[in-house]
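Enquirer: What follows is input-v8.cif, mmCIF, C-alpha atoms, pLDDT in the B column; chains and numbers go by the auth columns.
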```cif
data_input
loop_
_atom_site.group_PDB
_atom_site.id
_atom_site.type_symbol
_atom_site.label_atom_id
_atom_site.label_comp_id
_atom_site.label_asym_id
_atom_site.label_seq_id
_atom_site.Cartn_x
_atom_site.Cartn_y
_atom_site.Cartn_z
_atom_site.B_iso_or_equiv
_atom_site.auth_seq_id
_atom_site.auth_asym_id
ATOM 1 C CA MET A 1 -61.843 -72.967 -5.765 45.00 143 A
ATOM 2 C CA TRP A 2 -62.224 -69.248 -5.209 45.00 144 A
ATOM 3 C CA GLU A 3 -62.993 -67.071 -2.222 49.00 145 A
ATOM 4 C CA GLY A 4 -64.524 -63.608 -2.464 48.00 146 A
ATOM 5 C CA ARG A 5 -62.861 -60.453 -1.216 49.00 147 A
ATOM 6 C CA PHE A 6 -63.733 -56.759 -1.523 45.00 148 A
ATOM 7 C CA VAL A 7 -60.782 -54.483 -2.210 50.00 149 A
ATOM 8 C CA PRO A 8 -61.789 -50.812 -1.802 50.00 150 A
ATOM 9 C CA ASN A 9 -59.907 -47.873 -3.197 51.00 151 A
ATOM 10 C CA THR A 10 -57.571 -47.175 -0.263 54.00 152 A
ATOM 11 C CA ALA A 11 -56.982 -43.547 -1.259 55.00 153 A
ATOM 12 C CA LEU A 12 -60.703 -42.826 -1.006 51.00 154 A
ATOM 13 C CA LEU A 13 -60.954 -44.601 2.327 53.00 155 A
ATOM 14 C CA ALA A 14 -58.194 -42.399 3.705 55.00 156 A
ATOM 15 C CA ALA A 15 -60.090 -39.328 2.488 53.00 157 A
ATOM 16 C CA ALA A 16 -63.249 -40.561 4.169 49.00 158 A
ATOM 17 C CA LYS A 17 -61.462 -40.872 7.507 52.00 159 A
ATOM 18 C CA ASP A 18 -60.517 -37.190 7.305 55.00 160 A
ATOM 19 C CA ASN A 19 -64.161 -36.135 7.096 52.00 161 A
ATOM 20 C CA ALA A 20 -66.038 -34.924 10.152 46.00 162 A
ATOM 21 C CA ALA A 21 -67.644 -37.552 12.370 49.00 163 A
ATOM 22 C CA GLY A 22 -70.931 -38.765 10.940 48.00 164 A
ATOM 23 C CA SER A 23 -70.334 -37.345 7.459 46.00 165 A
ATOM 24 C CA GLN A 24 -70.081 -39.343 4.231 52.00 166 A
ATOM 25 C CA LEU A 25 -67.678 -39.119 1.325 50.00 167 A
ATOM 26 C CA ASP A 26 -69.429 -37.393 -1.567 53.00 168 A
ATOM 27 C CA GLY A 27 -69.827 -39.294 -4.825 54.00 169 A
ATOM 28 C CA VAL A 28 -69.329 -42.974 -5.594 57.00 170 A
ATOM 29 C CA VAL A 29 -66.782 -45.079 -3.729 55.00 171 A
ATOM 30 C CA PRO A 30 -65.634 -47.785 -6.180 63.00 172 A
ATOM 31 C CA LEU A 31 -65.055 -51.331 -4.967 64.00 173 A
ATOM 32 C CA CYS A 32 -62.876 -53.780 -6.879 67.00 174 A
ATOM 33 C CA ILE A 33 -63.936 -57.420 -6.546 71.00 175 A
ATOM 34 C CA ARG A 34 -61.111 -59.850 -7.317 74.00 176 A
ATOM 35 C CA LYS A 35 -60.864 -63.617 -7.273 82.00 177 A
ATOM 36 C CA VAL A 36 -58.827 -64.793 -4.306 88.00 178 A
ATOM 37 C CA VAL A 37 -57.325 -68.228 -4.743 93.00 179 A
ATOM 38 C CA SER A 38 -58.137 -70.714 -1.993 93.00 180 A
ATOM 39 C CA GLU A 39 -55.460 -72.564 -0.055 93.00 181 A
ATOM 40 C CA THR A 40 -56.983 -75.860 -1.197 95.00 182 A
ATOM 41 C CA SER A 41 -56.509 -74.919 -4.863 95.00 183 A
ATOM 42 C CA LEU A 42 -52.904 -73.944 -4.237 96.00 184 A
ATOM 43 C CA GLU A 43 -52.326 -77.190 -2.340 96.00 185 A
ATOM 44 C CA ASP A 44 -53.636 -79.147 -5.321 96.00 186 A
ATOM 45 C CA ARG A 45 -50.963 -77.527 -7.517 97.00 187 A
ATOM 46 C CA LEU A 46 -48.244 -77.278 -4.874 97.00 188 A
ATOM 47 C CA ASP A 47 -45.713 -79.514 -6.659 96.00 189 A
ATOM 48 C CA LEU A 48 -45.972 -77.445 -9.835 97.00 190 A
ATOM 49 C CA LEU A 49 -45.853 -74.195 -7.865 97.00 191 A
ATOM 50 C CA ILE A 50 -42.641 -75.298 -6.141 96.00 192 A
ATOM 51 C CA SER A 51 -41.160 -76.344 -9.497 96.00 193 A
ATOM 52 C CA VAL A 52 -41.863 -72.874 -10.915 97.00 194 A
ATOM 53 C CA ALA A 53 -40.251 -71.296 -7.840 97.00 195 A
ATOM 54 C CA PHE A 54 -37.116 -73.397 -8.355 96.00 196 A
ATOM 55 C CA ASP A 55 -37.010 -72.320 -12.017 95.00 197 A
ATOM 56 C CA TYR A 56 -37.212 -68.664 -10.968 96.00 198 A
ATOM 57 C CA ARG A 57 -34.386 -69.025 -8.449 95.00 199 A
ATOM 58 C CA GLU A 58 -32.106 -70.990 -10.765 93.00 200 A
ATOM 59 C CA LEU A 59 -32.587 -68.579 -13.664 94.00 201 A
ATOM 60 C CA ALA A 60 -32.006 -65.472 -11.521 94.00 202 A
ATOM 61 C CA ASN A 61 -28.772 -66.926 -10.183 93.00 203 A
ATOM 62 C CA ALA A 62 -27.540 -68.175 -13.563 92.00 204 A
ATOM 63 C CA LEU A 63 -28.090 -64.778 -15.192 94.00 205 A
ATOM 64 C CA MET A 64 -26.428 -62.857 -12.353 92.00 206 A
ATOM 65 C CA HIS A 65 -23.345 -65.066 -12.552 91.00 207 A
ATOM 66 C CA LEU A 66 -23.148 -64.529 -16.305 92.00 208 A
ATOM 67 C CA LEU A 67 -23.504 -60.781 -15.836 92.00 209 A
ATOM 68 C CA ALA A 68 -20.767 -60.714 -13.192 91.00 210 A
ATOM 69 C CA GLN A 69 -18.510 -62.590 -15.600 90.00 211 A
ATOM 70 C CA GLN A 70 -19.265 -60.094 -18.377 91.00 212 A
ATOM 71 C CA LEU A 71 -18.689 -57.048 -16.153 91.00 213 A
ATOM 72 C CA ASN A 72 -15.520 -58.633 -14.751 91.00 214 A
ATOM 73 C CA VAL A 73 -16.558 -58.408 -11.098 90.00 215 A
ATOM 74 C CA ASP A 74 -17.070 -60.968 -8.368 89.00 216 A
ATOM 75 C CA VAL A 75 -20.712 -61.960 -8.109 88.00 217 A
ATOM 76 C CA SER A 76 -20.637 -61.197 -4.373 85.00 218 A
ATOM 77 C CA ARG A 77 -20.465 -57.509 -5.286 85.00 219 A
ATOM 78 C CA PHE A 78 -24.154 -57.615 -6.198 87.00 220 A
ATOM 79 C CA ALA A 79 -25.017 -58.989 -2.776 81.00 221 A
ATOM 80 C CA ALA A 80 -23.657 -55.870 -1.057 80.00 222 A
ATOM 81 C CA LYS A 81 -26.082 -52.957 -0.943 73.00 223 A
ATOM 82 C CA GLY A 82 -25.613 -50.373 -3.686 70.00 224 A
ATOM 83 C CA SER A 83 -22.167 -51.521 -4.844 76.00 225 A
ATOM 84 C CA TRP A 84 -23.106 -51.882 -8.541 79.00 226 A
ATOM 85 C CA HIS A 85 -24.049 -48.288 -9.371 79.00 227 A
ATOM 86 C CA ASP A 86 -20.715 -47.509 -11.078 82.00 228 A
ATOM 87 C CA LEU A 87 -21.090 -50.428 -13.534 87.00 229 A
ATOM 88 C CA ASP A 88 -22.785 -50.385 -16.940 86.00 230 A
ATOM 89 C CA GLN A 89 -26.424 -50.089 -15.892 88.00 231 A
ATOM 90 C CA SER A 90 -28.004 -51.715 -18.937 91.00 232 A
ATOM 91 C CA GLY A 91 -27.027 -53.746 -21.955 94.00 233 A
ATOM 92 C CA GLN A 92 -27.148 -57.188 -23.482 93.00 234 A
ATOM 93 C CA LEU A 93 -25.587 -60.339 -22.104 90.00 235 A
ATOM 94 C CA ARG A 94 -22.929 -61.508 -24.520 80.00 236 A
ATOM 95 C CA LYS A 95 -22.243 -65.140 -25.271 71.00 237 A
ATOM 96 C CA GLN A 96 -19.211 -66.321 -23.331 68.00 238 A
ATOM 97 C CA GLU A 97 -16.973 -69.270 -23.930 66.00 239 A
ATOM 98 C CA GLY A 98 -17.952 -72.254 -21.821 63.00 240 A
ATOM 99 C CA SER A 99 -21.273 -70.790 -20.700 64.00 241 A
ATOM 100 C CA ALA A 100 -24.588 -69.936 -22.282 61.00 242 A
ATOM 101 C CA ALA A 101 -27.587 -68.080 -20.924 65.00 243 A
ATOM 102 C CA PRO A 102 -30.810 -70.139 -20.826 73.00 244 A
ATOM 103 C CA ASP A 103 -33.379 -69.156 -23.468 72.00 245 A
ATOM 104 C CA GLY A 104 -30.775 -67.534 -25.722 78.00 246 A
ATOM 105 C CA GLU A 105 -29.936 -63.835 -25.661 88.00 247 A
ATOM 106 C CA TRP A 106 -30.915 -61.625 -22.709 94.00 248 A
ATOM 107 C CA SER A 107 -30.925 -57.926 -21.945 95.00 249 A
ATOM 108 C CA TYR A 108 -30.284 -56.579 -18.443 95.00 250 A
ATOM 109 C CA PHE A 109 -31.205 -53.382 -16.641 95.00 251 A
ATOM 110 C CA PHE A 110 -30.289 -52.326 -13.106 93.00 252 A
ATOM 111 C CA HIS A 111 -33.043 -50.411 -11.332 92.00 253 A
ATOM 112 C CA GLY A 112 -32.957 -49.497 -7.675 85.00 254 A
ATOM 113 C CA GLN A 113 -32.068 -52.616 -5.697 86.00 255 A
ATOM 114 C CA ASP A 114 -32.866 -55.087 -8.487 91.00 256 A
ATOM 115 C CA CYS A 115 -31.668 -56.198 -11.902 94.00 257 A
ATOM 116 C CA ALA A 116 -34.247 -57.009 -14.575 96.00 258 A
ATOM 117 C CA PHE A 117 -33.445 -59.577 -17.253 97.00 259 A
ATOM 118 C CA ARG A 118 -35.509 -60.118 -20.411 96.00 260 A
ATOM 119 C CA SER A 119 -35.142 -62.878 -22.968 94.00 261 A
ATOM 120 C CA LEU A 120 -34.865 -61.278 -26.404 92.00 262 A
ATOM 121 C CA SER A 121 -36.301 -64.378 -28.055 90.00 263 A
ATOM 122 C CA THR A 122 -39.231 -65.274 -25.774 92.00 264 A
ATOM 123 C CA GLY A 123 -39.935 -62.093 -23.796 94.00 265 A
ATOM 124 C CA ARG A 124 -39.495 -64.013 -20.564 95.00 266 A
ATOM 125 C CA THR A 125 -38.513 -61.773 -17.649 96.00 267 A
ATOM 126 C CA VAL A 126 -36.876 -62.439 -14.308 96.00 268 A
ATOM 127 C CA GLU A 127 -35.848 -60.007 -11.586 95.00 269 A
ATOM 128 C CA ALA A 128 -32.697 -60.682 -9.593 93.00 270 A
ATOM 129 C CA ARG A 129 -32.910 -58.954 -6.225 90.00 271 A
ATOM 130 C CA LEU A 130 -29.697 -57.391 -4.989 88.00 272 A
ATOM 131 C CA GLY A 131 -28.315 -56.310 -1.641 82.00 273 A
ATOM 132 C CA PHE A 132 -29.456 -59.368 0.340 83.00 274 A
ATOM 133 C CA GLY A 133 -25.897 -60.596 0.931 76.00 275 A
ATOM 134 C CA PRO A 134 -25.882 -60.530 4.754 68.00 276 A
ATOM 135 C CA ILE A 135 -29.071 -62.623 4.756 73.00 277 A
ATOM 136 C CA CYS A 136 -28.696 -65.138 1.948 75.00 278 A
ATOM 137 C CA GLY A 137 -25.185 -64.760 0.540 74.00 279 A
ATOM 138 C CA ASP A 138 -24.955 -64.859 -3.236 82.00 280 A
ATOM 139 C CA ASP A 139 -28.492 -66.194 -3.754 88.00 281 A
ATOM 140 C CA PHE A 140 -30.301 -63.735 -6.033 91.00 282 A
ATOM 141 C CA GLY A 141 -33.493 -65.788 -6.302 92.00 283 A
ATOM 142 C CA VAL A 142 -35.309 -63.681 -3.718 93.00 284 A
ATOM 143 C CA PHE A 143 -39.067 -63.762 -4.195 95.00 285 A
ATOM 144 C CA ASP A 144 -41.359 -60.752 -4.409 93.00 286 A
ATOM 145 C CA PRO A 145 -45.065 -61.328 -5.252 95.00 287 A
ATOM 146 C CA GLY A 146 -45.081 -58.908 -8.194 95.00 288 A
ATOM 147 C CA PHE A 147 -41.791 -60.084 -9.688 96.00 289 A
ATOM 148 C CA PHE A 148 -42.772 -63.746 -9.286 97.00 290 A
ATOM 149 C CA LEU A 149 -46.098 -63.090 -10.975 97.00 291 A
ATOM 150 C CA GLY A 150 -44.369 -61.261 -13.837 97.00 292 A
ATOM 151 C CA PHE A 151 -41.988 -64.197 -14.296 98.00 293 A
ATOM 152 C CA ILE A 152 -44.871 -66.666 -14.548 98.00 294 A
ATOM 153 C CA ASN A 153 -46.943 -64.599 -16.960 97.00 295 A
ATOM 154 C CA SER A 154 -44.010 -63.739 -19.230 97.00 296 A
ATOM 155 C CA SER A 155 -42.954 -67.410 -19.368 96.00 297 A
ATOM 156 C CA LEU A 156 -46.229 -68.786 -20.731 96.00 298 A
ATOM 157 C CA ALA A 157 -45.214 -68.553 -24.391 93.00 299 A
ATOM 158 C CA SER A 158 -42.197 -70.821 -23.824 93.00 300 A
ATOM 159 C CA ARG A 159 -43.250 -72.686 -20.672 95.00 301 A
ATOM 160 C CA TYR A 160 -46.818 -73.816 -21.307 95.00 302 A
ATOM 161 C CA GLU A 161 -46.632 -76.065 -18.244 97.00 303 A
ATOM 162 C CA TYR A 162 -46.885 -72.912 -16.094 97.00 304 A
ATOM 163 C CA GLN A 163 -50.424 -72.225 -17.335 97.00 305 A
ATOM 164 C CA PRO A 164 -52.256 -73.893 -14.385 97.00 306 A
ATOM 165 C CA ILE A 165 -50.339 -71.676 -11.944 97.00 307 A
ATOM 166 C CA ALA A 166 -51.030 -68.562 -14.018 97.00 308 A
ATOM 167 C CA ASP A 167 -54.733 -69.476 -14.044 96.00 309 A
ATOM 168 C CA LEU A 168 -54.764 -69.870 -10.264 95.00 310 A
ATOM 169 C CA LEU A 169 -52.995 -66.592 -9.555 96.00 311 A
ATOM 170 C CA CYS A 170 -55.289 -64.756 -11.959 93.00 312 A
ATOM 171 C CA ASP A 171 -52.717 -61.997 -12.648 91.00 313 A
ATOM 172 C CA TRP A 172 -53.087 -60.550 -9.157 92.00 314 A
ATOM 173 C CA TRP A 173 -50.374 -59.611 -6.659 93.00 315 A
ATOM 174 C CA GLU A 174 -52.459 -60.772 -3.687 93.00 316 A
ATOM 175 C CA ASN A 175 -52.745 -64.304 -5.059 95.00 317 A
ATOM 176 C CA ALA A 176 -48.999 -64.427 -5.710 96.00 318 A
ATOM 177 C CA ARG A 177 -48.438 -63.391 -2.089 95.00 319 A
ATOM 178 C CA LEU A 178 -50.715 -66.193 -0.883 96.00 320 A
ATOM 179 C CA ALA A 179 -48.805 -68.689 -3.031 97.00 321 A
ATOM 180 C CA LEU A 180 -45.466 -67.581 -1.571 97.00 322 A
ATOM 181 C CA GLU A 181 -46.851 -67.712 1.957 96.00 323 A
ATOM 182 C CA LEU A 182 -48.070 -71.258 1.378 97.00 324 A
ATOM 183 C CA MET A 183 -44.583 -72.313 0.294 97.00 325 A
ATOM 184 C CA GLU A 184 -43.271 -70.603 3.419 96.00 326 A
ATOM 185 C CA ASP A 185 -45.726 -72.589 5.544 96.00 327 A
ATOM 186 C CA ARG A 186 -44.547 -75.803 3.869 95.00 328 A
ATOM 187 C CA GLY A 187 -40.896 -75.035 4.624 95.00 329 A
ATOM 188 C CA VAL A 188 -39.845 -74.403 1.020 96.00 330 A
ATOM 189 C CA LEU A 189 -39.300 -70.659 1.483 96.00 331 A
ATOM 190 C CA ARG A 190 -38.371 -68.469 4.423 93.00 332 A
ATOM 191 C CA ARG A 191 -39.187 -64.791 4.808 91.00 333 A
ATOM 192 C CA VAL A 192 -36.315 -62.323 4.744 88.00 334 A
ATOM 193 C CA SER A 193 -35.953 -58.555 4.950 78.00 335 A
ATOM 194 C CA ARG A 194 -33.308 -56.428 3.276 68.00 336 A
ATOM 195 C CA ARG A 195 -34.320 -53.418 5.336 63.00 337 A
ATOM 196 C CA VAL A 196 -36.978 -52.508 7.878 49.00 338 A
ATOM 197 C CA GLU A 197 -39.703 -51.641 5.364 52.00 339 A
ATOM 198 C CA ASP A 198 -39.033 -54.627 3.076 58.00 340 A
ATOM 199 C CA GLN A 199 -41.313 -57.222 4.647 62.00 341 A
ATOM 200 C CA LEU A 200 -42.599 -59.201 1.671 78.00 342 A
ATOM 201 C CA SER A 201 -39.543 -61.092 0.472 91.00 343 A
ATOM 202 C CA TRP A 202 -38.747 -64.784 0.580 94.00 344 A
ATOM 203 C CA VAL A 203 -35.703 -66.907 -0.183 93.00 345 A
ATOM 204 C CA MET A 204 -35.441 -70.646 -0.801 93.00 346 A
ATOM 205 C CA ASN A 205 -34.656 -72.681 2.306 90.00 347 A
ATOM 206 C CA ARG A 206 -31.260 -74.337 1.952 77.00 348 A
ATOM 207 C CA ASP A 207 -32.647 -77.823 2.640 76.00 349 A
ATOM 208 C CA ALA A 208 -35.239 -77.386 -0.108 69.00 350 A
ATOM 209 C CA ALA A 209 -32.635 -76.052 -2.533 63.00 351 A
ATOM 210 C CA ASP A 210 -30.238 -78.923 -1.763 63.00 352 A
ATOM 211 C CA SER A 211 -32.992 -81.516 -2.267 63.00 353 A
ATOM 212 C CA ARG A 212 -33.608 -80.094 -5.742 59.00 354 A
ATOM 213 C CA ARG A 213 -30.008 -80.807 -6.735 51.00 355 A
ATOM 214 C CA LEU A 214 -30.100 -84.451 -5.617 41.00 356 A
#
```
Could you write out this structure as structure tokens?
Expert:
Amino acid sequence: MWEGRFVPNTALLAAAKDNAAGSQLDGVVPLCIRKVVSETSLEDRLDLLISVAFDYRELANALMHLLAQQLNVDVSRFAAKGSWHDLDQSGQLRKQEGSAAPDGEWSYFFHGQDCAFRSLSTGRTVEARLGFGPICGDDFGVFDPGFFLGFINSSLASRYEYQPIADLLCDWWENARLALELMEDRGVLRRVSRRVEDQLSWVMNRDAADSRRL
């Protein structure tokens, strides 16, 4: 089920490289040993993993549309890079006629190129990623390993069915990355980049998203 991997302190390794040839870094060099989930274990839970990914995408998009409605702007504004900085940067989503946010009341907070939402009743969190408009239109369900992991862990109190995925990922960014890469390999996700340095982002493939709605 698990594979072993040594994860050294990268800052200390960089310091060691600066030393003279043949010398050693003084003191103890700590090594962190983490459980790395195997591809086989992820495969065994692939259907549930994909279901969680769909939940993340649907919730991110639903909340962004509600926020756009509340702020009286077109939702496409959040897909353009940096075009939301003159709006109210934090607050609470208000109930609106004809629409209701899942899981009750939510708070929102813009930070950098993302918008964080938190359920006031369950503590569930989801990050909508902004500025990807040229790549994926108005789809705000763009996956980042850390944000996806935070969504899973914060959902456990209200979504107990996520527990097997949380157990597999073992609260570690690297395992979340491996899970996203597996879904990429299976054609569920595709990798996207908002800018040159942003290499670890994925969006749902349109065919996969359409099949979910059937």
Enquirer: If you measure from atom CA of Gly273 of chain A to atom CA of Leu208 of chain A, what distance in Å do you get, rounded to one decimal?
Expert: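 Answer for the atom CA of Gly273 of chain A to atom CA of Leu208 of chain A separation: 17.6 Å.
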Enquirer: Evaluate the PyMOL selection byres ((chain A and resi 190-201) around 10) against this structure - the residues, as an MDAnalysis selection string, please.
Expert: chainID A and resid 184:189 202:207 243:245 259 267:270 281:285 289:290 293:294 301 303:304 306:308 321:322 324:325 330:331 345:346 350:351 354
Enquirer: Using only C-alpha atoms, please write the residues we just selected to a file, as a short mmCIF file (atom, residue, chain, number, x, y, z; two decimals), keeping the file's coordinate frame.
Expert:
```cif
data_model
loop_
_atom_site.label_atom_id
_atom_site.label_comp_id
_atom_site.auth_asym_id
_atom_site.auth_seq_id
_atom_site.Cartn_x
_atom_site.Cartn_y
_atom_site.Cartn_z
CA LEU A 184 -52.90 -73.94 -4.24
CA GLU A 185 -52.33 -77.19 -2.34
CA ASP A 186 -53.64 -79.15 -5.32
CA ARG A 187 -50.96 -77.53 -7.52
CA LEU A 188 -48.24 -77.28 -4.87
CA ASP A 189 -45.71 -79.51 -6.66
CA ALA A 202 -32.01 -65.47 -11.52
CA ASN A 203 -28.77 -66.93 -10.18
CA ALA A 204 -27.54 -68.18 -13.56
CA LEU A 205 -28.09 -64.78 -15.19
CA MET A 206 -26.43 -62.86 -12.35
CA HIS A 207 -23.34 -65.07 -12.55
CA ALA A 243 -27.59 -68.08 -20.92
CA PRO A 244 -30.81 -70.14 -20.83
CA ASP A 245 -33.38 -69.16 -23.47
CA PHE A 259 -33.44 -59.58 -17.25
CA THR A 267 -38.51 -61.77 -17.65
CA VAL A 268 -36.88 -62.44 -14.31
CA GLU A 269 -35.85 -60.01 -11.59
CA ALA A 270 -32.70 -60.68 -9.59
CA ASP A 281 -28.49 -66.19 -3.75
CA PHE A 282 -30.30 -63.74 -6.03
CA GLY A 283 -33.49 -65.79 -6.30
CA VAL A 284 -35.31 -63.68 -3.72
CA PHE A 285 -39.07 -63.76 -4.20
CA PHE A 289 -41.79 -60.08 -9.69
CA PHE A 290 -42.77 -63.75 -9.29
CA PHE A 293 -41.99 -64.20 -14.30
CA ILE A 294 -44.87 -66.67 -14.55
CA ARG A 301 -43.25 -72.69 -20.67
CA GLU A 303 -46.63 -76.06 -18.24
CA TYR A 304 -46.88 -72.91 -16.09
CA PRO A 306 -52.26 -73.89 -14.38
CA ILE A 307 -50.34 -71.68 -11.94
CA ALA A 308 -51.03 -68.56 -14.02
CA ALA A 321 -48.80 -68.69 -3.03
CA LEU A 322 -45.47 -67.58 -1.57
CA LEU A 324 -48.07 -71.26 1.38
CA MET A 325 -44.58 -72.31 0.29
CA VAL A 330 -39.84 -74.40 1.02
CA LEU A 331 -39.30 -70.66 1.48
CA VAL A 345 -35.70 -66.91 -0.18
CA MET A 346 -35.44 -70.65 -0.80
CA ALA A 350 -35.24 -77.39 -0.11
CA ALA A 351 -32.64 -76.05 -2.53
CA ARG A 354 -33.61 -80.09 -5.74
#
```
Enquirer: Run through the PyMOL selection byres ((chain A and resi 212-222) around 12) on the given coordinates and return the selected residues as a CSV table (one decimal) with C-alpha atoms, in the frame of the given file.
Expert:
```
chain,number,residue,atom,x,y,z
A,203,ASN,CA,-28.8,-66.9,-10.2
A,204,ALA,CA,-27.5,-68.2,-13.6
A,205,LEU,CA,-28.1,-64.8,-15.2
A,206,MET,CA,-26.4,-62.9,-12.4
A,207,HIS,CA,-23.3,-65.1,-12.6
A,208,LEU,CA,-23.1,-64.5,-16.3
A,209,LEU,CA,-23.5,-60.8,-15.8
A,210,ALA,CA,-20.8,-60.7,-13.2
A,211,GLN,CA,-18.5,-62.6,-15.6
A,223,LYS,CA,-26.1,-53.0,-0.9
A,224,GLY,CA,-25.6,-50.4,-3.7
A,225,SER,CA,-22.2,-51.5,-4.8
A,226,TRP,CA,-23.1,-51.9,-8.5
A,227,HIS,CA,-24.0,-48.3,-9.4
A,228,ASP,CA,-20.7,-47.5,-11.1
A,229,LEU,CA,-21.1,-50.4,-13.5
A,230,ASP,CA,-22.8,-50.4,-16.9
A,231,GLN,CA,-26.4,-50.1,-15.9
A,232,SER,CA,-28.0,-51.7,-18.9
A,233,GLY,CA,-27.0,-53.7,-22.0
A,234,GLN,CA,-27.1,-57.2,-23.5
A,235,LEU,CA,-25.6,-60.3,-22.1
A,236,ARG,CA,-22.9,-61.5,-24.5
A,237,LYS,CA,-22.2,-65.1,-25.3
A,238,GLN,CA,-19.2,-66.3,-23.3
A,239,GLU,CA,-17.0,-69.3,-23.9
A,241,SER,CA,-21.3,-70.8,-20.7
A,242,ALA,CA,-24.6,-69.9,-22.3
A,243,ALA,CA,-27.6,-68.1,-20.9
A,250,TYR,CA,-30.3,-56.6,-18.4
A,252,PHE,CA,-30.3,-52.3,-13.1
A,255,GLN,CA,-32.1,-52.6,-5.7
A,256,ASP,CA,-32.9,-55.1,-8.5
A,257,CYS,CA,-31.7,-56.2,-11.9
A,270,ALA,CA,-32.7,-60.7,-9.6
A,271,ARG,CA,-32.9,-59.0,-6.2
A,272,LEU,CA,-29.7,-57.4,-5.0
A,273,GLY,CA,-28.3,-56.3,-1.6
A,274,PHE,CA,-29.5,-59.4,0.3
A,275,GLY,CA,-25.9,-60.6,0.9
A,276,PRO,CA,-25.9,-60.5,4.8
A,277,ILE,CA,-29.1,-62.6,4.8
A,278,CYS,CA,-28.7,-65.1,1.9
A,279,GLY,CA,-25.2,-64.8,0.5
A,280,ASP,CA,-25.0,-64.9,-3.2
A,281,ASP,CA,-28.5,-66.2,-3.8
A,282,PHE,CA,-30.3,-63.7,-6.0
A,283,GLY,CA,-33.5,-65.8,-6.3
A,284,VAL,CA,-35.3,-63.7,-3.7
A,336,ARG,CA,-33.3,-56.4,3.3
```
Enquirer: Separation of atom CA of Trp248 of chain A and atom CA of Ser343 of chain A, in Å?
Expert: 24.7 Å
Enquirer: Quick one: residues within 7 Å of segment 261-266 of chain A, all atoms listed in the file counted, chain neighbours fewer than 6 positions away excluded, as a list in words?
Expert: Asp245, Gly246, Glu247, Trp248, Ser249, Phe293, Ser296, Ser297, Ala299 and Ser300 of chain A
Enquirer: As a check of understanding, name the residues that the PyMOL selection byres ((chain A and resi 320) around 9) selects in the supplied structure, as a VMD selection string.
Expert: chain A and resid 178 to 181 184 287 311 315 to 319 321 to 325
Enquirer: When you draw a straight line from atom CA of Asp327 of chain A to atom CA of Gly292 of chain A, how long is it in Å?
Expert: 22.5 Å
Enquirer: From the list A:Gln305, A:Asp286, A:Asp349, A:Ile175, which residue is nearest Arg333 of chain A when using only C-alpha atoms?
Expert: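 Nearest to Arg333 of chain A: A:Asp286.
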